[in-house]
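Take a look at the structure set out below.
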Amino acid sequence: MTDITASSFVRQDLVAERPAPVKTTGFVGLVRTRLLSSPTNILLTIIGALLLWYMVIPAFRFLLVDAVWTGKDRTACLPENAGYVVGACWPYIQAKLPQLIYGFYPEAERWRVNLTFILAAVLLLPLLIPRLPAKGLNAGLFFFALPVVAFFLMHGGGITGFGLSWTAGLLQLFDDSVIGAGQVLVSLGKSSAIGPLLWVVGNFIVLVGTAIQWLIFPLTWLRDQIQASSQSVWIDFAITTIVVSLILFFLGGGMRTGWRALATSIATFIGMAIVIKLMGLDHGGLPIVDTRLWGGLLVTLVVAVTGIVTSMPIGIALALGRRSTIPLIRIFSIAYIEFWRGVPLITVLFFATYMLPLFLPGNFTVDGLVRALIGIALFTGAYQAENIRGGLAAVPRGQGEAASALGLSWWKTTSLIVLPQALRHVIPSLVNSFISLFKDTSLVSIVALFDLLGSLRASFSDPVWSTPSTAFTGFAFAGVLYFLFCFGMSRYSLFVENRLNAHRRN
């Protein structure tokens with residue numbers, strides 16, 4: 001025991017203090033570990049600092065320090081009057097702001113555009129906040145009710161009929177096209193080398209068109225009788241309500257489970273009737289504002305939102321069609337995607353604006369803005385199809401097999417199991433396409449549609465604000481607006497991606 005005690009060691013003095021560990025948090029830690037951690041990083045940091053110094057500082061001076069903030073005309077932004085080198089001419093933006101937002105929309109009717117923006121914001125914000133309830137009702141109002149209300153608010157006009165009249169009109173237009181095509185073939189048969197064959201085919205087509213005309217005669221006769229009455233819109237509306245509600249009632253299960261579908265249909269038509277009455281659509285509605293007067297940020301948002309919303313269902317349908325086991329659907333989807341992806345957007349806009357009317361019947365016209373919207377939707381849908389197809393390929397095959405083992409149909413498996421996972425995988429690529437489309441809206445100025453940049457360039461021709469810095473100020477303002485919208489979409493996509501991929505966080 002004594003030997004053990006004697007051999008034990010007890011330190012008599014304190015251990016010297018060790019140096020503090022290197023700080024790796026905060027600004028100092030960022031500089032030490034990220035910016036100055038190696039010779040290469042030091043060199044890159046110096047180059048980055050020089051680039052920021054020669055880019056950010058001049059931009060800051062131009063936009064804020066040397067800028068002119070007040071004035072009534074170009075004289076306030078001239079260097080000889082200001083006494084220094086003038087930067088941004090913000091009085092020019094203040095004077096031209098209505099034109100940059102509304103284009104040439106009549107000033108007395110701009111409340112309609114403002115009301116549309118307010119309705120869109122009120123319906124969109126609850127969709128973007130995950131905690132708020134009633135997402136289904138809100139989505140239905142935003143994606144289906146708002147476009148109709150926005151059209152009649154901004155464009156104006158009323159309705160002269162409803163579902164029955166529209167159906168009869170479309171069928172009659174189709175029948176007229178069939179008969180017209182047959183008559184053209186008959187006329188060609190008189191001067192062609194294969195005249196007898198064309199004459200026979202043309203008469204056969206005319207005979208088919210005549211048969212269709214007799215088949216739809218009861219519907220067209222009923223439409224004419226309704227339009228001859230003083231309350232044609234409401235009679236047509238009542239007939240459409242009854243027919244659609246009964247169809248949904250029987251499709252929903254009839255007397256057993258169809259009451260919910262019936263109640264939903266009736267409630268929807270009641271809401272439509274309220275909107276028609278409030279906006280006076282049965283008596284001509286609001287004054288018509290031609291889309292050629294639209295411009296500025298209004299056209300940019302209309303084109304971007306319409307393209308984004310309509311391209312998604314087109315892309316989903318094409319992506320599913322490309323993976324289909326039915327050869328006809330798969331070949332059509334592949335041909336559609338490869339064709340539209342191989343054509344520049346400018347060509348699509350030119351074709352939709354100037355060539356599409358040549359393929360339509362003579363008595364059928366499509367508005368210029370609507371033609372551009374159709375072309376952009378079809379073009380963007382092809383790109384979205386490939387993005388979504390990548391997400392579908394990333395879903396494990398066992399997900400669909402497990403759903404089939406549980407007895408789910410193909411529709412339920414796709415809509416409830418496979419498609420939600422696929423869309424979650426491709427959120428970055430989808431939002432990237434949305435941002436690209438928002439910036440590509442400036443191409444519509446090529447087909448005589450004045451978007452934000454088009455209205456901006458038109459404002460440069462005003463001699464009242466002709467200064468050396470006017471163009472730079474206008475493009476800087478437009479760039480800030482584009483950045484705010486695109487950056488907002490990017491940050492929200494990151495939020496959605498992190499929320500939906502919470503199970504993958506480390």
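Going by the structure tokens order, chains are called A, B, ..., each with residues numbered from 1, while ligands are numbered from 1 in the order shown.
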
Name the residues of region 53-288 of chain A that fall into helix (DSSP H, G or I) according to DSSP on the backbone, using the chain letters and numbers of this document, as number ranges by chain. A: 53-65, 74-77, 79-82, 90-102, 107-128, 135-154, 163-188, 195-215, 217-227, 232-251, 259-279, 281-283

Would you pick out the contacts of region 425-440 of chain A at 10 Å or less, using only C-alpha atoms, so that residues sharing its chain but fewer than 4 positions from it are not included, and give the list as a PyMOL selection string? chain A and resi 300-301+303-305+307-309+311-312+345-346+376+380+383-395+419-421+444+482-483+485-490+492-494+496-497+500-501

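Counting only C-alpha atoms and comparing A:Leu198, A:Ala261, A:Val233, A:Leu123, the residue that lies closest to Ser245 (chain A) is A:Ala261.
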
Surrounding residues of region 79-84 of chain A excluding itself and chain neighbours under 6 positions, 10 Å, only C-alpha atoms, as a list in words: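 Listed by chain and then number, they are Asp66, Val68, Thr467, Pro468 and Ser469 of chain A.
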
Same residues, N, CA and C atoms, saved as a CSV table (one decimal), in the first residue's frame:
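Dumped to result-v7.csv:
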```
chain,number,residue,atom,x,y,z
A,66,ASP,N,-26.7,60.4,-57.4
A,66,ASP,CA,-26.8,61.4,-58.5
A,66,ASP,C,-28.1,61.5,-59.1
A,68,VAL,N,-32.1,62.5,-59.9
A,68,VAL,CA,-33.0,63.7,-59.8
A,68,VAL,C,-34.4,63.1,-59.4
A,467,THR,N,-33.8,63.1,-72.5
A,467,THR,CA,-32.6,63.4,-71.8
A,467,THR,C,-31.5,62.3,-72.0
A,468,PRO,N,-30.3,62.6,-71.8
A,468,PRO,CA,-29.3,61.5,-71.9
A,468,PRO,C,-29.5,60.3,-71.0
A,469,SER,N,-30.1,60.5,-69.8
A,469,SER,CA,-30.3,59.4,-68.9
A,469,SER,C,-31.7,58.8,-68.9
```
